[in-house]
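Working notes, beginning with the structure itself.
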Amino acid sequence: MLVAALCLLVGGIWMGTKITTDYLLYKDATSTARNWADLLAQTVTDLEQIAAGERPTRASMTLFEWAQKAGQVFRYEIYNREGYSQLVSDHGVTQVNLSVFNTEAVSALATNQPIVDLKAGTLAEGQPKFYAQAYLPVIVDGRPVAIVAAYVDETEKHDLFYRTSLIAALSLCAGAALSFGLPAVAWYRRTKEKQQADRRIRFLAHHDALTGLANRAQLIESLEAALAILPVRSDGLAVHFLDLDRFKQVNDSLGHDGGDFLLKPIAARLRAVIRSGDVVARLGGDAFVVVQTGVGSRDQADDFACRIIAAVTMPMTLKNRAFIATVSIGVALAPADGTDSERLLKSADLALYKAKADGRNCVRFFLAEMDTELQARFELERIIRDAVLHDGFELHYQPLFEISERRLIGYEALIRLRAENGTLIPPLVFIPVAEDLQLIYKIGAWVLREACCTAAVWPEEFTVAVNLSPAQFLAGNVSNIVADALKVAGLAAHRLELEITETLL
């Protein structure tokens, strides 16, 4: 569009310059020819006789020669009132009684207006580069006596008018270009920026900003499209739900920029593993989903998942450190494990949960019982959270005997949790879940306080033993927790025993 505007501008300059130059030349030629005709009417006393066919007098010939020598009128013709030429003078040669009819001469006389024609001359014929041919009626005492055709040399005027008009047009165009061009450039840049922003918005609407992979919306759309054509195909598809193992530790040790630095090469590796027709998406954090199409069997999906693990676990350098990432994968097959996108993603997520529970860095396929196990896990998590908020745990005290002396020396505090039906949930079941929920620190502090307060009312020779969790040591403030519990209970420090597992030691 800018090129078209530029072409129109250049064409306008040229056309405007030509029109202006032609107009000025027309006015100049008309003025010159009229002045010359008036001069003839005033000085050539026998003009009417010349128009009637008589030869000019010596005085008239002298005037004609002088006019040509002046250089502005290089040729002239005199016509009678019927439009026939009676005298032609060109480059010093004068001819009379030619009797050549000219329609322009008749028209000028009929309209009593000058007729001017601008022409480009031919140097071979001795003509100026630019000249004007003007036909003017000569009026004497209110009546026309002849028509004079004056050939006026306009070369110098043409060049002058052309340069002047061109400079004026260019100046005008420059001003117009500045007044129009600057806003046009700003508008063009703004339009390009808006187009880029619109493309960016459309991209972000369907892609993850960090990795450039498809986002959840694009994943659902692609998965639904693949499921729609599944009934007419003889194969199926697999949804691989991926989660990087212990990604939180990367963020904690290297910062979130370190985590972002890890996610980008992982995304590139996943993109390199998939085939045409497959889809890889990031759902946020360290969670990825790969949709594998054309799956003929479970073994084929298992092989693909193993290739993913091999690609992800290749060593990389992360902030000048050698680093190996591991990944857990849950796989759901369609149509066996679901025929819609939400169900397949949920099934793959359940399988991923099982992979993490089985030690991470492995592949697990969805099984029907996983749904039941997950619901049981959710219910256990709810019971644990409720017990933390409302002190719903119980402490049972197991007697400790000195066998050699056969005497009771104290008790070991054992935490218990009751289900809604009143049965006890074994510690080996709910303690790992509490650790995953990062609630073991609060639970451990409650156990210490409760055990110390209970032991404070026992005879002084009895001690109380309390088990500590590794999570309490990782928090780094075990000493403060123990001191606070002893202070609140008023229990002597030597009466409290702290027990740790061999794993923690």
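By order of appearance in the structure tokens: chains A, B, ..., then residues from 1 within every chain, and ligands from 1 in the order shown.
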Can you pull out the residues contacting Leu237 in chain A? Cut-off 12 Å, using only C-alpha atoms, and skip same-chain residues under 3 positions away; I want them as a ChimeraX atom specification.
/A:223-231,233-234,240,277-279,290-298,300-301,304,331-341,344
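Residues within 8 Å of range 478-487 of chain A, counting only C-alpha atoms and excluding same-chain residues fewer than 5 positions away, are Ala445, Leu448, Arg449, Cys452, Gln472, Phe473, Ala492 and Ala493 of chain A.
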I want to know what sits within 6 Å of Gln133 in chain A, based on only C-alpha atoms, with residues of the same chain fewer than 5 positions away left out; could you give that as a ChimeraX atom specification?
/A:116-117,150-151
Mind listing the helix (DSSP H, G or I) residues of range 177-249 of chain A, per DSSP on the backbone, as a PyMOL selection string?
chain A and resi 177-206+216-228+230-232+247-249
Would you work out the distance separating CA of Asp252 in chain A from CA of Gly476 in chain A, expressed in Å to one decimal?
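So the answer is 15.6 Å.
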Asn112 in chain A environment, 7 Å, only C-alpha atoms, sequence neighbours closer than 3 positions dropped, as a ChimeraX atom specification:
/A:108-109,137
Quick one: write out the picked residues with all heavy atoms as a PDB file, in the first residue's frame?
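Once written, result-v1.pdb looks like this:
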```
ATOM      1  N   ALA A 108     -10.331  31.249 -34.532  1.00  0.00           N
ATOM      2  CA  ALA A 108      -9.925  32.400 -33.725  1.00  0.00           C
ATOM      3  C   ALA A 108     -10.719  33.629 -34.078  1.00  0.00           C
ATOM      4  O   ALA A 108     -11.120  34.415 -33.202  1.00  0.00           O
ATOM      5  CB  ALA A 108      -8.432  32.648 -33.907  1.00  0.00           C
ATOM      6  N   LEU A 109     -10.970  33.818 -35.375  1.00  0.00           N
ATOM      7  CA  LEU A 109     -11.741  34.991 -35.797  1.00  0.00           C
ATOM      8  C   LEU A 109     -13.193  34.854 -35.370  1.00  0.00           C
ATOM      9  O   LEU A 109     -13.823  35.831 -34.943  1.00  0.00           O
ATOM     10  CB  LEU A 109     -11.631  35.139 -37.316  1.00  0.00           C
ATOM     11  CG  LEU A 109     -12.338  36.373 -37.910  1.00  0.00           C
ATOM     12  CD1 LEU A 109     -11.711  37.656 -37.360  1.00  0.00           C
ATOM     13  CD2 LEU A 109     -12.257  36.358 -39.429  1.00  0.00           C
ATOM     14  N   PRO A 137      -6.984  37.166 -33.739  1.00  0.00           N
ATOM     15  CA  PRO A 137      -7.608  38.135 -34.649  1.00  0.00           C
ATOM     16  C   PRO A 137      -7.061  39.550 -34.366  1.00  0.00           C
ATOM     17  O   PRO A 137      -6.855  39.922 -33.215  1.00  0.00           O
ATOM     18  CB  PRO A 137      -9.092  38.023 -34.314  1.00  0.00           C
ATOM     19  CG  PRO A 137      -9.137  37.518 -32.913  1.00  0.00           C
ATOM     20  CD  PRO A 137      -7.912  36.669 -32.715  1.00  0.00           C
TER      21      PRO A 137
END
```
Using Å and a single decimal, report how far CA of Ile274 in chain A sits from CA of Leu352 in chain A.
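CA of Ile274 in chain A lies at a distance of 19.5 Å from CA of Leu352 in chain A.
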Do you know which residues are at most 12 Å from Asp391 in chain A counting only C-alpha atoms, after dropping those on the same chain fewer than 3 positions away, and could you put them as a PyMOL selection string?
chain A and resi 383-388+394-395+415-418+442-443+445-447+449-450
